[in-house]
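Visitor: Quick one, my_file.txt (compact mmCIF, C-alpha atoms):
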# COMPACT_ATOMS: atom_id res chain seq x y z
CA MET A 1 -10.45 9.11 26.31
CA SER A 2 -9.45 5.52 25.63
CA GLU A 3 -10.20 6.13 21.97
CA GLN A 4 -7.68 8.97 21.95
CA ILE A 5 -4.98 6.88 23.61
CA ALA A 6 -5.62 4.10 21.09
CA PHE A 7 -5.53 6.55 18.20
CA TRP A 8 -2.23 8.10 19.21
CA MET A 9 -0.55 4.77 19.92
CA LEU A 10 -1.74 3.28 16.64
CA SER A 11 -0.69 6.37 14.71
CA ALA A 12 2.79 6.18 16.21
CA ILE A 13 3.05 2.48 15.39
CA ALA A 14 1.79 3.00 11.83
CA VAL A 15 4.13 5.90 11.06
CA LEU A 16 7.13 4.17 12.62
CA GLY A 17 6.34 0.95 10.79
CA ALA A 18 6.05 2.75 7.47
CA LEU A 19 9.28 4.67 8.08
CA VAL A 20 11.21 1.52 9.02
CA ALA A 21 9.75 -0.35 6.02
CA VAL A 22 10.86 2.40 3.68
CA ARG A 23 14.27 3.18 5.17
CA LYS A 24 15.51 -0.22 6.37
CA ARG A 25 18.39 -1.71 4.42
CA ASN A 26 17.47 -5.31 5.26
CA LEU A 27 14.41 -6.09 3.16
CA ILE A 28 13.14 -8.92 5.38
CA HIS A 29 13.06 -6.57 8.36
CA GLY A 30 11.35 -4.09 6.08
CA VAL A 31 8.58 -6.55 5.23
CA PHE A 32 7.98 -7.27 8.91
CA ALA A 33 7.79 -3.55 9.65
CA LEU A 34 5.33 -3.26 6.77
CA MET A 35 3.21 -6.02 8.33
CA ILE A 36 3.19 -4.10 11.64
CA PHE A 37 2.07 -1.04 9.68
CA PHE A 38 -0.77 -3.04 8.07
CA ALA A 39 -1.86 -4.39 11.47
CA ALA A 40 -1.88 -0.91 13.01
CA LEU A 41 -3.97 0.34 10.11
CA SER A 42 -6.37 -2.55 10.55
CA VAL A 43 -6.95 -1.60 14.18
CA LEU A 44 -7.44 2.02 13.08
CA PHE A 45 -10.20 0.78 10.76
CA LEU A 46 -11.75 -0.94 13.78
CA LEU A 47 -11.56 2.37 15.63
CA LEU A 48 -13.50 3.91 12.73
CA LEU A 49 -16.15 1.17 13.05
CA ALA A 50 -15.30 -0.51 9.75
CA GLU A 51 -14.86 -3.99 11.13
CA PHE A 52 -15.20 -5.85 7.84
CA ILE A 53 -12.51 -3.71 6.22
CA ALA A 54 -10.29 -4.38 9.24
CA ALA A 55 -10.68 -8.13 8.74
CA VAL A 56 -10.06 -7.81 4.99
CA GLN A 57 -6.97 -5.73 5.73
CA ILE A 58 -5.49 -8.49 7.86
CA LEU A 59 -6.48 -11.24 5.42
CA VAL A 60 -5.33 -9.57 2.23
CA TYR A 61 -2.40 -7.44 3.34
CA ILE A 62 -0.75 -9.36 6.16
CA GLY A 63 -1.81 -12.75 4.87
CA ALA A 64 -1.31 -12.43 1.14
CA VAL A 65 0.65 -9.31 0.19
CA GLY A 66 3.21 -9.65 2.98
CA ILE A 67 3.93 -13.28 2.20
CA LEU A 68 4.07 -12.52 -1.53
CA LEU A 69 6.62 -9.76 -0.87
CA LEU A 70 8.69 -12.15 1.26
CA PHE A 71 8.70 -14.69 -1.58
CA ALA A 72 9.69 -12.04 -4.10
CA ILE A 73 12.57 -10.90 -1.90
CA MET A 74 13.83 -14.44 -1.44
CA LEU A 75 13.49 -15.16 -5.17
CA THR A 76 15.48 -12.12 -6.24
CA GLU A 77 18.23 -10.22 -4.50
CA ARG A 78 20.30 -11.22 -1.55
CA VAL A 79 18.21 -10.61 1.54
CA THR A 80 20.08 -7.47 2.50
CA GLY A 81 19.27 -5.95 -0.87
CA ASP A 82 21.78 -3.28 -1.78
CA ASP A 83 24.43 -4.10 0.83
CA ASP A 84 27.53 -2.05 0.48
CA ARG A 85 26.32 0.16 -2.31
CA ARG A 86 24.35 3.26 -1.62
CA MET A 87 20.71 2.73 -0.75
CA THR A 88 19.13 5.89 -2.11
CA SER A 89 18.74 6.77 -5.75
CA ARG A 90 20.31 9.59 -7.67
CA GLY A 91 18.31 12.73 -7.16
CA TRP A 92 17.11 11.59 -3.73
CA PHE A 93 17.11 15.21 -2.61
CA TRP A 94 14.36 16.03 -5.11
CA GLY A 95 12.45 13.00 -3.91
CA PHE A 96 12.51 14.34 -0.35
CA ALA A 97 11.62 17.82 -1.58
CA VAL A 98 8.63 16.63 -3.59
CA ALA A 99 7.41 14.45 -0.70
CA ALA A 100 7.64 17.44 1.67
CA ALA A 101 5.84 19.68 -0.83
CA VAL A 102 3.03 17.16 -1.28
CA PHE A 103 2.76 16.90 2.51
CA VAL A 104 2.29 20.65 2.83
CA ILE A 105 -0.31 20.65 0.05
CA LEU A 106 -2.20 17.80 1.71
CA LEU A 107 -2.19 19.70 5.00
CA LEU A 108 -3.60 22.90 3.50
CA PRO A 109 -7.21 22.20 4.62
CA VAL A 110 -6.00 21.85 8.19
CA ILE A 111 -3.90 24.98 8.01
CA GLN A 112 -6.91 26.87 6.70
CA GLN A 113 -8.92 25.55 9.66
CA LEU A 114 -11.87 24.16 7.77
CA PRO A 115 -14.60 23.03 10.16
CA SER A 116 -14.46 19.37 11.02
CA PRO A 117 -17.76 17.50 10.65
CA GLU A 118 -19.18 15.58 13.56
CA ALA A 119 -18.98 11.81 13.60
CA ALA A 120 -22.24 9.93 13.46
CA GLN A 121 -22.79 8.44 16.88
CA THR A 122 -24.84 5.44 15.92
CA ILE A 123 -23.55 3.57 12.96
CA ASP A 124 -24.46 0.09 11.93
CA PRO A 125 -22.05 -1.11 9.28
CA SER A 126 -23.21 -4.68 9.23
CA VAL A 127 -21.51 -7.13 6.94
CA LYS A 128 -24.94 -8.23 5.80
CA GLU A 129 -25.74 -4.76 4.52
CA LEU A 130 -22.36 -4.63 2.76
CA GLY A 131 -23.16 -7.90 1.03
CA HIS A 132 -26.56 -6.63 -0.08
CA LYS A 133 -24.95 -3.50 -1.49
CA LEU A 134 -22.38 -5.60 -3.35
CA MET A 135 -25.14 -7.69 -4.86
CA ASN A 136 -27.65 -5.01 -5.71
CA PRO A 137 -26.21 -1.72 -6.98
CA TYR A 138 -22.57 -2.71 -7.31
CA VAL A 139 -22.81 -6.13 -8.92
CA VAL A 140 -21.24 -4.94 -12.20
CA THR A 141 -18.27 -3.51 -10.30
CA LEU A 142 -17.91 -6.79 -8.46
CA GLU A 143 -17.89 -8.76 -11.71
CA VAL A 144 -15.40 -6.40 -13.33
CA LEU A 145 -13.22 -6.77 -10.27
CA ALA A 146 -13.41 -10.55 -10.51
CA LEU A 147 -12.35 -10.30 -14.15
CA LEU A 148 -9.51 -7.98 -13.19
CA LEU A 149 -8.27 -10.39 -10.53
CA THR A 150 -8.36 -13.29 -12.96
CA ALA A 151 -6.53 -11.29 -15.60
CA ALA A 152 -3.96 -10.15 -13.05
CA LEU A 153 -3.40 -13.73 -11.92
CA ILE A 154 -2.89 -14.98 -15.47
CA GLY A 155 -0.73 -11.99 -16.29
CA ALA A 156 1.40 -12.48 -13.19
CA VAL A 157 1.97 -16.16 -13.98
CA THR A 158 2.82 -15.36 -17.60
CA ALA A 159 5.17 -12.54 -16.68
CA ALA A 160 6.97 -14.48 -13.95
CA GLN A 161 7.28 -17.58 -16.13
CA GLY A 162 9.20 -15.60 -18.72
CA VAL A 163 9.90 -16.39 -22.32
CA ARG A 164 12.18 -19.28 -23.04
CA MET A 165 14.96 -17.80 -25.07
CA PRO A 166 17.91 -19.86 -26.36
CA LYS A 167 20.29 -17.44 -24.64
CA GLU A 168 18.76 -18.26 -21.30
CA GLU A 169 19.74 -21.92 -21.60
CA ASP A 170 23.43 -21.02 -21.89
CA SER A 171 23.49 -18.78 -18.85
CA GLN A 172 22.04 -21.38 -16.54
CA GLU A 173 24.58 -23.04 -14.36
CA MET B 1 -10.96 12.42 17.59
CA THR B 2 -11.89 14.67 14.73
CA LEU B 3 -11.70 14.04 11.03
CA HIS B 4 -8.56 16.19 10.89
CA HIS B 5 -6.60 13.75 13.03
CA TYR B 6 -7.21 10.97 10.58
CA LEU B 7 -6.51 13.19 7.58
CA ILE B 8 -3.19 14.32 9.04
CA LEU B 9 -2.23 10.72 9.81
CA ALA B 10 -3.11 9.66 6.27
CA ALA B 11 -1.11 12.59 4.86
CA VAL B 12 1.94 11.61 6.93
CA LEU B 13 1.67 7.98 5.82
CA PHE B 14 1.18 8.97 2.18
CA CYS B 15 4.26 11.18 2.25
CA VAL B 16 6.35 8.47 3.90
CA GLY B 17 5.34 6.20 1.03
CA LEU B 18 6.04 8.91 -1.54
CA MET B 19 9.47 9.49 -0.03
CA GLY B 20 10.24 5.78 -0.23
CA ALA B 21 9.07 5.52 -3.82
CA PHE B 22 11.20 8.48 -4.84
CA THR B 23 14.37 7.82 -2.91
CA ARG B 24 14.97 4.07 -2.84
CA ARG B 25 16.71 2.14 -5.59
CA ASN B 26 15.33 -1.32 -4.84
CA ALA B 27 12.27 -2.15 -6.93
CA ILE B 28 10.70 -4.21 -4.14
CA VAL B 29 11.00 -1.31 -1.67
CA VAL B 30 9.28 0.89 -4.23
CA LEU B 31 6.43 -1.64 -4.24
CA PHE B 32 6.30 -1.42 -0.41
CA SER B 33 6.01 2.33 -0.74
CA VAL B 34 3.15 2.07 -3.22
CA GLU B 35 1.35 -0.22 -0.79
CA ILE B 36 1.84 2.30 2.02
CA MET B 37 0.39 5.06 -0.15
CA LEU B 38 -2.62 2.93 -1.11
CA ASN B 39 -3.27 2.17 2.55
CA ALA B 40 -3.12 5.85 3.42
CA ALA B 41 -5.75 6.51 0.76
CA ASN B 42 -7.91 3.71 2.19
CA LEU B 43 -7.65 5.29 5.63
CA ASN B 44 -8.90 8.54 4.11
CA PHE B 45 -11.87 6.77 2.51
CA ILE B 46 -12.87 5.16 5.79
CA ALA B 47 -12.38 8.36 7.79
CA PHE B 48 -14.48 10.41 5.38
CA TRP B 49 -17.16 7.73 5.48
CA ARG B 50 -17.19 7.71 9.28
CA TYR B 51 -17.61 11.47 9.43
CA SER B 52 -20.02 11.71 6.51
CA GLU B 53 -23.66 12.80 6.62
CA ASN B 54 -25.09 9.41 5.80
CA PRO B 55 -22.79 6.52 6.72
CA ALA B 56 -25.56 3.98 6.17
CA LEU B 57 -24.89 4.17 2.43
CA LEU B 58 -21.57 2.36 3.08
CA HIS B 59 -19.77 4.17 0.27
CA GLY B 60 -16.49 4.24 2.17
CA PRO B 61 -16.18 0.51 2.94
CA LEU B 62 -17.35 -0.45 -0.55
CA PHE B 63 -14.79 1.74 -2.26
CA THR B 64 -12.09 0.59 0.13
CA LEU B 65 -12.97 -3.01 -0.63
CA PHE B 66 -12.57 -2.38 -4.35
CA ALA B 67 -9.33 -0.48 -3.77
CA ILE B 68 -7.93 -3.37 -1.72
CA ALA B 69 -8.79 -5.84 -4.49
CA VAL B 70 -7.14 -3.66 -7.13
CA ALA B 71 -4.10 -3.24 -4.88
CA ALA B 72 -3.83 -7.01 -4.50
CA ALA B 73 -3.91 -7.42 -8.30
CA GLU B 74 -1.33 -4.66 -8.61
CA VAL B 75 1.09 -6.22 -6.17
CA ALA B 76 0.81 -9.65 -7.84
CA VAL B 77 1.57 -8.21 -11.30
CA GLY B 78 4.24 -5.90 -9.89
CA LEU B 79 6.12 -8.70 -8.19
CA ALA B 80 5.86 -10.88 -11.30
CA LEU B 81 7.38 -8.03 -13.30
CA VAL B 82 10.13 -7.60 -10.70
CA ILE B 83 10.95 -11.30 -10.99
CA ALA B 84 10.92 -11.13 -14.79
CA VAL B 85 13.19 -8.08 -14.74
CA TYR B 86 15.47 -9.79 -12.23
CA ARG B 87 15.82 -12.75 -14.54
CA HIS B 88 16.87 -10.45 -17.33
CA PHE B 89 19.13 -7.94 -15.53
CA LYS B 90 20.19 -10.12 -12.56
CA THR B 91 19.37 -7.22 -10.25
CA VAL B 92 16.37 -5.35 -8.89
CA ASP B 93 18.28 -2.07 -8.76
CA LEU B 94 16.13 0.48 -10.55
CA GLU B 95 19.15 2.49 -11.68
CA ALA B 96 20.57 -0.52 -13.50
CA MET B 97 17.45 -0.73 -15.65
CA ASP B 98 18.34 2.05 -18.06
CA THR B 99 18.29 0.25 -21.39
CA LEU B 100 15.76 2.66 -22.82
CA ARG B 101 17.76 5.70 -21.82
CA GLU B 102 19.54 7.60 -24.57
CA GLU B 103 23.19 8.12 -23.67
Take the structure from the file and write it as structure tokens.
Guide:
Amino acid sequence: MSEQIAFWMLSAIAVLGALVAVRKRNLIHGVFALMIFFAALSVLFLLLLAEFIAAVQILVYIGAVGILLLFAIMLTERVTGDDDRRMTSRGWFWGFAVAAAVFVILLLPVIQQLPSPEAAQTIDPSVKELGHKLMNPYVVTLEVLALLLTAALIGAVTAAQGVRMPKEEDSQE
Amino acid sequence: MTLHHYLILAAVLFCVGLMGAFTRRNAIVVLFSVEIMLNAANLNFIAFWRYSENPALLHGPLFTLFAIAVAAAEVAVGLALVIAVYRHFKTVDLEAMDTLREE
């Protein structure tokens, strides 16, 4: 019973947070709504007994991605983003239509009433076991991922640094 | 709570993200939307793992872990590109970035 109450509350928070993040004109408010969405999702992971993923969600998304987004907003546009101009893109109607169509397609298994499998009652997702799995069968994936993160870091620094062009010197005030 | 509840929630979240990615003009909001979609997919992974035959294999958390790491790399590169584009165009409005379009 308490699990159901928690599920419904967290779902409402997550959906509202995502909607506000996507529709809000003020980008800073949008980032905070996005952080609320990430937190709600983290607690949903806890509800699904994936406690390590819940912790990683808070660490990576709220801690790193949210702050990174805040920095990017403050480094670029005025905080309110597209103030007096229109907020949605040309062809927004087709965007809504495609999103609705994808929603219906994703819901087809539920409409067709496929049987829902039972949840395993006893589950022991220990962090220790996760670490063993990462070291034994998935060690190549882990190394590739480490390489990817390094490459992404170097690429991000290089891209954000930009190329020094002579034109750029003139336009600086 | 059945698996369907979680699948419907993930579908709703994914479509909210899709709607944002398709309808907003600000490049940073499009990045938000991509993050929302990735999180919805992660929720699906974890829900399927929880309701799977053999959760002791830990396939769901492992894949979600990898997906989170790739998403972190993606958002770092994406924001660096947004900043680079901003330096060039002086805006993050996606409709202003139409240099490659044939008039």
Visitor: Given all atoms listed in the file as the basis, pick out the residue of A:Leu59, A:Leu48, A:Gly131, A:Val140 nearest to chain B.
Guide: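 Under the stated criterion, the closest residue is A:Leu48.
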Visitor: Please identify every residue of chain B that has at least one atom no farther than 7 Å from an atom of chain A, counting all atoms listed in the file, and for each give the shortest atom pair and the distance in Å to one decimal, arranged by chain then increasing number, as a Markdown table.
Guide:
| residue | atom | partner | partner_atom | distance |
| --- | --- | --- | --- | --- |
| B:Met1 | CA | A:Gln4 | CA | 6.5 |
| B:Thr2 | CA | A:Ser116 | CA | 6.5 |
| B:Leu3 | CA | A:Ser116 | CA | 6.0 |
| B:His4 | CA | A:Ser116 | CA | 6.7 |
| B:Ile8 | CA | A:Leu107 | CA | 6.8 |
| B:Leu9 | CA | A:Ser11 | CA | 6.7 |
| B:Ala11 | CA | A:Leu106 | CA | 6.2 |
| B:Val12 | CA | A:Phe103 | CA | 6.9 |
| B:Leu13 | CA | A:Val15 | CA | 6.2 |
| B:Cys15 | CA | A:Ala99 | CA | 5.4 |
| B:Val16 | CA | A:Leu19 | CA | 6.4 |
| B:Leu18 | CA | A:Ala99 | CA | 5.8 |
| B:Met19 | CA | A:Ala99 | CA | 5.4 |
| B:Gly20 | CA | A:Val22 | CA | 5.2 |
| B:Phe22 | CA | A:Gly95 | CA | 4.8 |
| B:Thr23 | CA | A:Trp92 | CA | 4.7 |
| B:Arg24 | CA | A:Thr88 | CA | 4.6 |
| B:Arg25 | CA | A:Ser89 | CA | 5.1 |
| B:Val29 | CA | A:Val22 | CA | 6.5 |
| B:Ser33 | CA | A:Val22 | CA | 6.6 |
| B:Ile36 | CA | A:Ala18 | CA | 6.9 |
| B:Ala47 | CA | A:Leu48 | CA | 6.7 |
| B:Arg50 | CA | A:Ala119 | CA | 6.2 |
| B:Tyr51 | CA | A:Ala119 | CA | 4.4 |
| B:Pro55 | CA | A:Ile123 | CA | 6.9 |
| B:Ala56 | CA | A:Pro125 | CA | 6.9 |
| B:Pro61 | CA | A:Ile53 | CA | 6.5 |
| B:Leu65 | CA | A:Ile53 | CA | 6.9 |
| B:Ala72 | CA | A:Val65 | CA | 6.9 |
| B:Ala73 | CA | A:Ala152 | CA | 5.5 |
| B:Ala76 | CA | A:Ala156 | CA | 6.1 |
| B:Val77 | CA | A:Ala156 | CA | 4.7 |
| B:Leu79 | CA | A:Ala72 | CA | 6.4 |
| B:Ala80 | CA | A:Ala160 | CA | 4.6 |
| B:Leu81 | CA | A:Ala159 | CA | 6.1 |
| B:Ile83 | CA | A:Ala160 | CA | 5.9 |
| B:Ala84 | CA | A:Ala160 | CA | 5.2 |
| B:Tyr86 | CA | A:Thr76 | CA | 6.4 |
| B:Thr91 | CA | A:Glu77 | CA | 6.6 |
| B:Val92 | CA | A:Glu77 | CA | 6.8 |
Visitor: As an exercise, work out the distance from atom CA of B:Val30 to atom CA of B:His88 in Å and give it to one decimal place.
Guide: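 Between these atoms lies a distance of 18.9 Å.
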Visitor: Which residues are close to B:Val34, i.e. within 10 Å by all atoms listed in the file, leaving aside same-chain residues fewer than 2 positions away? Reply as a CSV table (one decimal) with C-alpha atoms, keeping the file's coordinate frame.
Guide:
chain,number,residue,atom,x,y,z
B,14,PHE,CA,1.2,9.0,2.2
B,17,GLY,CA,5.3,6.2,1.0
B,18,LEU,CA,6.0,8.9,-1.5
B,20,GLY,CA,10.2,5.8,-0.2
B,21,ALA,CA,9.1,5.5,-3.8
B,28,ILE,CA,10.7,-4.2,-4.1
B,29,VAL,CA,11.0,-1.3,-1.7
B,30,VAL,CA,9.3,0.9,-4.2
B,31,LEU,CA,6.4,-1.6,-4.2
B,32,PHE,CA,6.3,-1.4,-0.4
B,36,ILE,CA,1.8,2.3,2.0
B,37,MET,CA,0.4,5.1,-0.2
B,38,LEU,CA,-2.6,2.9,-1.1
B,39,ASN,CA,-3.3,2.2,2.6
B,40,ALA,CA,-3.1,5.8,3.4
B,71,ALA,CA,-4.1,-3.2,-4.9
B,74,GLU,CA,-1.3,-4.7,-8.6
B,75,VAL,CA,1.1,-6.2,-6.2
Visitor: Any idea what the distance is between atom CA of A:Pro137 and atom CA of B:Ser52?
Guide: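 Taking atom CA of A:Pro137 as the start and atom CA of B:Ser52 as the end point, the length is 20.0 Å.
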Visitor: Mind giving me the straight-line distance from atom CA of B:Ala96 to atom CA of B:Asn26 in Å, one decimal?
Guide: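 Interatomic distance here is 10.2 Å.
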Visitor: Build an axis-aligned box that encloses every atom of stretch 7-26 of chain B listed in the file, pad it by 4 Å on each side, and report its centre and edge lengths in Å to one decimal, as AutoDock Vina command-line options.
Guide:
--center_x 5.1 --center_y 6.5 --center_z 2.1 --size_x 31.2 --size_y 23.6 --size_z 23.4
Visitor: Give the answer as one residue: which of A:Leu147, A:Ile62, A:Ala33, A:Ala6 has the shortest atom-to-atom distance to A:Leu46, using all atoms listed in the file?
Guide: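 Closest residue, counting all atoms listed in the file: A:Ala6.
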Visitor: For B:Trp49, which of B:Tyr6, B:Ala69, B:Glu95, B:Arg101 is the closest residue, counting all atoms listed in the file?
Guide: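 Smallest separation from B:Trp49 among the options: B:Tyr6.
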Visitor: Of the residues B:Thr64, B:Thr99, B:Asn44, B:Asn54, which is the one nearest to B:His5, using all atoms listed in the file?
Guide: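 Nearest candidate to B:His5 out of B:Thr64, B:Thr99, B:Asn44, B:Asn54: B:Asn44.
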Visitor: Given only C-alpha atoms as the basis, pick out the residue of A:Lys128, A:Ile28, A:Glu143, A:Ile36 nearest to B:Phe66.
Guide: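 Among the listed residues, A:Glu143 lies closest to B:Phe66.
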